[in-house]
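This report concerns only the one structure given below.
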There are 2 protein chains.
Amino acid sequence: MLTIECSTTLITLQGEEEIREKVLDERPFSVTLNDEVIGSAMVLATDLEEFAAGFLFGQGYLNRGDRVLEIRVCPEGRIDVYADVQFNRDEEMITTSGCGGTGKIASRLLHEKLPQLSSLKIDFTQLGELIKKTLSSSDLSQQTHCVHGCGYLTEKGFEACFEDVGRHNAVDKVMGAIIMGRFSSAGAIYTTGRLTSDMVLKCARMGVPIVLSRTAPSSLGLEIARKAGITLGAYVRPNRVNVFNAPHRIIPG
Amino acid sequence: MLTIECSTTLITLQGEEEIREKVLDERPFSVTLNDEVIGSAMVLATDLEEFAAGFLFGQGYLNRGDRVLEIRVCPEGRIDVYADVQFNRDEEMITTSGCGGTGKIASRLLHEKLPQLSSLKIDFTQLGELIKKTLSSSDLSQQTHCVHGCGYLTEKGFEACFEDVGRHNAVDKVMGAIIMGRFSSAGAIYTTGRLTSDMVLKCARMGVPIVLSRTAPSSLGLEIARKAGITLGAYVRPNRVNVFNAPHRIIPG
């Protein structure tokens, strides 16, 4: 059950009225890596394997190309990830604007060498498909006004859409799916949330060449896109995209 | 300088056009408490004293009633807070949906005894003032589409509005101002962001009796409001509020 129905009191200048509303079911989940607890996050309990792999990636415990061996979800609130990696828990972490449960990143990630990006290009037919399929993937957002969506498209077409209480968790679910080998990293990602620094950094570290948002980037998000060579599009609609960096990957007309 | 102007390429079905856009200046700041580094966050560099005090409050290093002795902002990216407190850095932390740089809270905070709330009530005149003054406090949001606002009102009237790249940082700036003794905790807070668990928990721990949002609560946000006895209003407009808990503090008509 992803929503909870409750009774509310609508108060207006004309008086009071009882009405029913649906709220999004936000739940705490902790994530372990090789039996060590890494952190806990408040999430929408969908695609939890992808979330856990992406959460570990976002914080730098997993990297592009690392091999995930097994992921087990315990419905009472824990996701256990086993991967063929060594890690260091005592790094300096930065708290980010993480609207999505993954509010910290290791400081070193801001200075790491970024992977080479694919020369993938997309046209307006693909752009329209990515946006429409992402926004229509469920009616959770319309019911609760408390969900961010994140869609992903590769040369093979529209791959998937993930949703979460936060824009970061939704991106993490895409990153997790890539880490798990479900999709190629040479794709276009579309988020309903803002492209702040950590949102773009995750995509840059994963090697995703096209990063699109329904809304705005921040200065640091743009700076990371420039450093990585990412095509960063904002205020994206099926018939327009405002490209802040590397417009050559969007085919006009 | 809170915004940066940049050149972008608007691509449509009709072709390409160079246009200018403003992006919000998102910056990393670290926060120390009694000379110990507590964490770093990506912020909008306004009201940094309030932010730092609120950041430490949000994570449980400061509590309601703690005495802040001095706050010093080093513009290159550090805020030093000195307070008459003892603290423990080795607690279990939970990463939250923190859209605003304060993405973690100590686990114990979820189970702590909450303060008694004031019986403050507000009417639609006050509600309208709170909303209008918050939304018109600057043109940053309109320029960059990358800002959350958070306004605060007490018996004395509208107190202040704070803005930040994230909804959590903006709430933290209000919490910091209360900790610093600028306003009473018996007030109504209005945020442009969603009321997820950590947003409501901060208000509950501070003893703020009325918590209002332009948009939706999550299930855990509502659960904490119920436990604390907070009046939680969502989808708030100058002439209507949808109250999810404790409607008696909103005077109809």
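Residue numbering restarts at 1 in every chain; chains get A, B, ... in the order shown in the structure tokens, and ligands count up from 1 in that same order.
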Show me, as a PDB file with C-alpha atoms, in the first residue's frame, the residues that have an atom within 9 Å of Gly128 (chain B) when counting only C-alpha atoms, minus same-chain residues fewer than 5 positions from it.
```pdb
ATOM      1  CA  ASP B 123      -7.587  33.473  11.570  1.00  0.00           C
ATOM      2  CA  LYS B 133       4.482  38.017   2.749  1.00  0.00           C
ATOM      3  CA  ARG B 237      -4.171  29.311   0.261  1.00  0.00           C
ATOM      4  CA  PRO B 238      -5.214  32.735   1.599  1.00  0.00           C
ATOM      5  CA  ASN B 239      -8.865  31.628   1.619  1.00  0.00           C
TER       6      ASN B 239
END
```
Using DSSP assignments from the backbone, pull out every residue in region 28-243 of chain A that falls under alpha helix (DSSP H) and give it to me as an MDAnalysis selection string. chainID A and resid 48:58 124:135 140:144 167:179 197:206 219:228
Applying 7 Å and only C-alpha atoms, which residues near Gly151 (chain A) remain after dropping the ones on its own chain fewer than 5 positions away? List them as a list in words.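 Counting only the stated atoms, we get Leu130, Thr134, Ala160, Cys161, Phe162, Ile189, Tyr190 and Thr191 of chain A.
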Go ahead and dump the residues you just picked, C-alpha atoms, as a tab-separated table (two decimals), in the first residue's frame.
```tsv
chain	number	residue	atom	x	y	z
A	130	LEU	CA	10.52	10.15	-22.09
A	134	THR	CA	7.51	9.36	-16.90
A	160	ALA	CA	11.65	2.69	-16.91
A	161	CYS	CA	10.26	5.27	-14.52
A	162	PHE	CA	10.85	5.26	-10.79
A	189	ILE	CA	17.49	10.79	-17.54
A	190	TYR	CA	14.48	13.02	-16.88
A	191	THR	CA	13.54	14.17	-13.38
```
If you run DSSP on the backbone, which residues of region 31-228 of chain A are strand (DSSP E), as an NGL selection string? :A and (31-33 or 36-44 or 68-74 or 78-83 or 93-95 or 104-106 or 148-154 or 157-164 or 187-191 or 210-213)
